[in-house]
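Peer 1: Once you've had a glance at the structure underneath, I'll fire off some questions.
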Amino acid sequence: MENWEHVRGAGPLLLNHFILQKLARGPRTPGETGEMENPLYVSIFLFLCILIQSSAHGQSLRPESFGRRSRAAETNKISQETRTRFLLFRGETDKGCQIRLNHSDTLQQCGFNSSLPLVMIVHGWLVDGILEDWVWEMVAALKSQLAQSVNVGLAEWVTLAHNHYTTAVRNTRLVGQEIAALLQWLQESVQFSPSHVHLIGYSLGAHVSGFAGSYMSRKHKIGRITGLDAAGPLFEKASLSDRLSPDDANFVDAIHTFTWEHMGLSVGIKQPIAHYDFYPNGGSYQPGCHFLELYKHFAKHGLNAITQTVKCAHERSVHLFIDSLLHADMQSTAYLCRDMDSFSQGLCLSCKKGRCNTLGYHTRQEWQSKKSKSLFLVTRAQSPFKVYHYQFKIRFINQTENPVEPTFALSFLGTRGERQKIPITLSKGITSNETFSFLITLDVDIGELIIIKFKWENSMVWSNVWNTVQTIIPWRRESLHSGLALKSIRVKVGETQQRMTFCSENMNDLVLHPAREKTFVRCEANSETLKRKIR
């Protein structure tokens with residue numbers, strides 16, 4: 001392993017170059033084999049970047065407790081110039097017009113409309129001091145895709161964000177204070193209510209937004225704050241006053257996409273921090289962000305491919321949010337659940353009593369208490385990210401003495417399309433009469449399910465056993481229930497909340513045969529209505 005001591009005194013650019021070289025060269029020794037395939041490899045180097053930078057400048061990684069001081073008094077100190085630049089965008093390709101605090105003429109010059117809501121983007125930590133492309137993508141989406149026009153703004157704190165990570169963290173409070181000062185000035189000068197403000201903060205920007213909310217009075221709270229993979233280091237397990245929390249706005253939602261934890265740290269914060277906390281794909285890592293996808297990133301990003309791969313999962317939160325704007329007819333639904341393991345069993349696809357919600361801009365803004373709700377969903381690896389969630393419950397009848405551990409494949413026929421051979425591996429062997437529940441997702445809408453084809457995938461062992469049994473025992477009708485049998489399949493569709501039961505097309509033959517396919521139809525026998533839908 002390389003000696004990190006020789007880069008302790010290096011600047012952040014040299015350090016980042018060293019880290020990216022390490023990432024680029026890939027595993028060279030047997031001990032390193034597989035590192036590039038593990039998201040831990042990504043997070044370890046990001047954390048080392050933070051740790052070494054902090055050590056080099058004598059800074060501690062232990063979070064400081066700032067407490068909630070007299071917010072109004074501190075905000076009032078900001079009278080003229082701010083370190084944060086506030087930009088307003090007239091069009092989707094506009095690069096922004098600066099609004100200056102206490103300069104009412106700039107509101108008119110920049111086209112601020114006090115009768116419309118204000119959506120303000122807050123970026124995060126900047127290693128190279130340049131705003132990332134997603135900022136302009138989000139501006140364009142907000143300006144072009146909403147049915148109701150809004151003021152679109154950006155809190156640009158580049159000079160404060162382009163620092164060592166711990167310094168940037170300390171600056172988040174100042175930026176939050178300056179945003180609050182702007183909102184209070186808008187309220188006083190043009191009677192613009194903070195309840196019409198929506199702050200969208202990414203990474204450190206999520207906590208900046210939270211601090212802005214904490215500087216507002218309780219009578220004039222910010223309407224909504226969205227945290228996009230809020231930063232984890234120095235904020236995980238911090239008190240409510242030292243991070244984004246549900247108290248910071250009338251409604252707070254958060255999307256967690258890179259919470260893979262190592263050495264007690266994660267790039268994105270793992271704990272719930274909002275009224276609704278969304279965990280796409282469990283929140284720890286995201287499809288399409290594997291290091292094996294690096295060659296695809298080279299085609300799109302060139303020499304920046306490694307950096308893009310490293311931050312892929314972290315920034316996925318942003319692109320999920322933008323996707324909700326670009327595809328209004330393909331909104332992703334998430335479901336209240338204890339954890340991703342339970343969700344993967346299909347146990348949480350309920351929408352009763354607010355147990356599901358929409359991910360992104362169009363999230364339903366309702367809550368019954370300050371207690372956070374954790375919602376889970378599966379997404380695709382690219383836009384549009386929406387998938388369709390199905391819970392399958394299958395009751396097997398095993399009349400053999402030994403456990404059966406087969407692999408199955410399911411094919412679906414719906415009113416709008418079909419999907420072939422989705423592999424299913426059960427979590428454990430089938431030992432007796434047992435019901436299994438699991439989640440299946442489809443990335444296309446095949447409409448209402450009509451037919452399910454269930455195939456016991458070929459296994460040399462089971463095929464030999466089966467052929468031997470067939471040779472020794474002449475198959476008769478009375479022995480059809482020997483071995484593994486399946487009578488019905490129950491299905492629940494998450495997006496429509498529809499429940500269906502499918503029965504074997506031939507109720508006189510329920511036995512599953514290796515390498516053979518069995519057809520199941522809706523138990524609402526011979527439904528002519530469904531048959532007509534597919535014609």
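Ordered as shown in the structure tokens, chains take letters A, B, and onward, while each chain numbers its residues from 1 and ligands are numbered from 1 in the order shown.
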Extract the full set of helix (DSSP H, G or I) residues from range 337-388 of chain A according to DSSP on the backbone, and format it as a short mmCIF file (atom, residue, chain, number, x, y, z; two decimals) with N, CA, C and O atoms, in the first residue's frame.

Peer 2:
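Written out: states.cif:
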```
data_model
loop_
_atom_site.label_atom_id
_atom_site.label_comp_id
_atom_site.auth_asym_id
_atom_site.auth_seq_id
_atom_site.Cartn_x
_atom_site.Cartn_y
_atom_site.Cartn_z
N MET A 340 -34.16 -1.93 3.43
CA MET A 340 -34.15 -2.41 2.06
C MET A 340 -34.35 -3.91 1.98
O MET A 340 -34.91 -4.42 0.99
N ASP A 341 -33.92 -4.66 3.00
CA ASP A 341 -34.12 -6.11 2.98
C ASP A 341 -35.61 -6.45 2.98
O ASP A 341 -36.06 -7.31 2.21
N SER A 342 -36.36 -5.77 3.83
CA SER A 342 -37.81 -5.99 3.86
C SER A 342 -38.45 -5.56 2.54
O SER A 342 -39.35 -6.22 2.02
N PHE A 343 -37.96 -4.43 2.01
CA PHE A 343 -38.51 -3.94 0.76
C PHE A 343 -38.26 -4.92 -0.39
O PHE A 343 -39.12 -5.13 -1.25
N SER A 344 -37.07 -5.55 -0.39
CA SER A 344 -36.72 -6.49 -1.45
C SER A 344 -37.57 -7.75 -1.41
O SER A 344 -37.62 -8.49 -2.39
N LYS A 352 -51.57 2.92 1.85
CA LYS A 352 -52.58 3.30 2.82
C LYS A 352 -52.01 4.27 3.86
O LYS A 352 -50.87 4.14 4.28
N LYS A 353 -52.82 5.24 4.25
CA LYS A 353 -52.47 6.19 5.31
C LYS A 353 -51.11 6.86 5.08
O LYS A 353 -50.28 6.96 5.99
N GLY A 354 -50.87 7.29 3.85
CA GLY A 354 -49.64 8.03 3.55
C GLY A 354 -48.39 7.20 3.54
O GLY A 354 -47.29 7.73 3.73
#
```

Peer 1: Please compute the CA of Pro514 in chain A-CA of Gly447 in chain A distance, one decimal, in Å.

Peer 2: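 Between these atoms lies a distance of 29.5 Å.
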
Peer 1: Find the residue from A:Glu457, A:Glu405, A:Glu418, A:Glu81 that sits nearest to Ala181 in chain A; use only C-alpha atoms when measuring.

Peer 2: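 Nearest to Ala181 in chain A: A:Glu81.
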
Peer 1: At a cut-off of 7 Å, using only C-alpha atoms, what residues contact range 144-146 of chain A? Leave out same-chain residues fewer than 2 positions from it and give the result as a JSON list (two decimals) with N, CA, C and O atoms, in the first residue's frame.

Peer 2:
```
[["chain", "number", "residue", "atom", "x", "y", "z"],
["A", 92, "GLU", "N", -34.23, 29.47, -19.58],
["A", 92, "GLU", "CA", -33.55, 28.21, -19.28],
["A", 92, "GLU", "C", -32.08, 28.20, -19.69],
["A", 92, "GLU", "O", -31.31, 27.36, -19.23],
["A", 140, "ALA", "N", -32.57, 24.81, -16.18],
["A", 140, "ALA", "CA", -33.32, 24.64, -17.42],
["A", 140, "ALA", "C", -34.60, 23.85, -17.20],
["A", 140, "ALA", "O", -35.67, 24.19, -17.74],
["A", 141, "ALA", "N", -34.53, 22.80, -16.37],
["A", 141, "ALA", "CA", -35.72, 21.97, -16.10],
["A", 141, "ALA", "C", -36.77, 22.76, -15.33],
["A", 141, "ALA", "O", -37.97, 22.68, -15.63],
["A", 142, "LEU", "N", -36.35, 23.54, -14.34],
["A", 142, "LEU", "CA", -37.28, 24.33, -13.55],
["A", 142, "LEU", "C", -37.94, 25.43, -14.39],
["A", 142, "LEU", "O", -39.12, 25.75, -14.19],
["A", 148, "GLN", "N", -46.77, 25.63, -13.62],
["A", 148, "GLN", "CA", -46.83, 26.96, -13.02],
["A", 148, "GLN", "C", -45.44, 27.59, -13.03],
["A", 148, "GLN", "O", -44.47, 26.98, -12.57],
["A", 149, "SER", "N", -45.34, 28.79, -13.56],
["A", 149, "SER", "CA", -44.04, 29.47, -13.60],
["A", 149, "SER", "C", -43.55, 29.77, -12.19],
["A", 149, "SER", "O", -44.34, 30.01, -11.27],
["A", 325, "LEU", "N", -38.74, 16.29, -12.95],
["A", 325, "LEU", "CA", -39.20, 17.48, -13.68],
["A", 325, "LEU", "C", -39.34, 17.18, -15.18],
["A", 325, "LEU", "O", -40.29, 17.62, -15.83],
["A", 326, "LEU", "N", -38.40, 16.42, -15.72],
["A", 326, "LEU", "CA", -38.38, 16.16, -17.15],
["A", 326, "LEU", "C", -39.42, 15.13, -17.58],
["A", 326, "LEU", "O", -39.85, 15.12, -18.73]]
```

Peer 1: Compile the contact shell of Lys370 in chain A as number ranges by chain: residues with an atom at most 8 Å away, counting only C-alpha atoms, same-chain residues fewer than 5 positions apart removed.

Peer 2: A: 246-247, 275

Peer 1: Give me the residues within 6 Å of range 272-274 of chain A as a list in words, counting only C-alpha atoms and dropping any in the same chain fewer than 3 places off.

Peer 2: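 Returned residues: Ser245, Pro246, Val252, Asp253, Ala254, Asp277 and Ser372 of chain A.
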
Peer 1: Go through A:Arg316, A:Arg338, A:Arg170, A:Lys453 and flag the residue nearest Ile422 in chain A, using only C-alpha atoms for the distances.

Peer 2: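 For Ile422 in chain A, the nearest of the candidates is A:Lys453.
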
Peer 1: Write out as a PyMOL selection string which residues come within 10 Å of Gln498 in chain A when counting only C-alpha atoms, dropping same-chain ones fewer than 4 positions away.

Peer 2: chain A and resi 390+448+491-494

Peer 1: Quick one: residues within 8 Å of Arg355 in chain A, only C-alpha atoms, excluding same-chain residues fewer than 5 positions away - as a ChimeraX atom specification?

Peer 2: /A:335-336,350
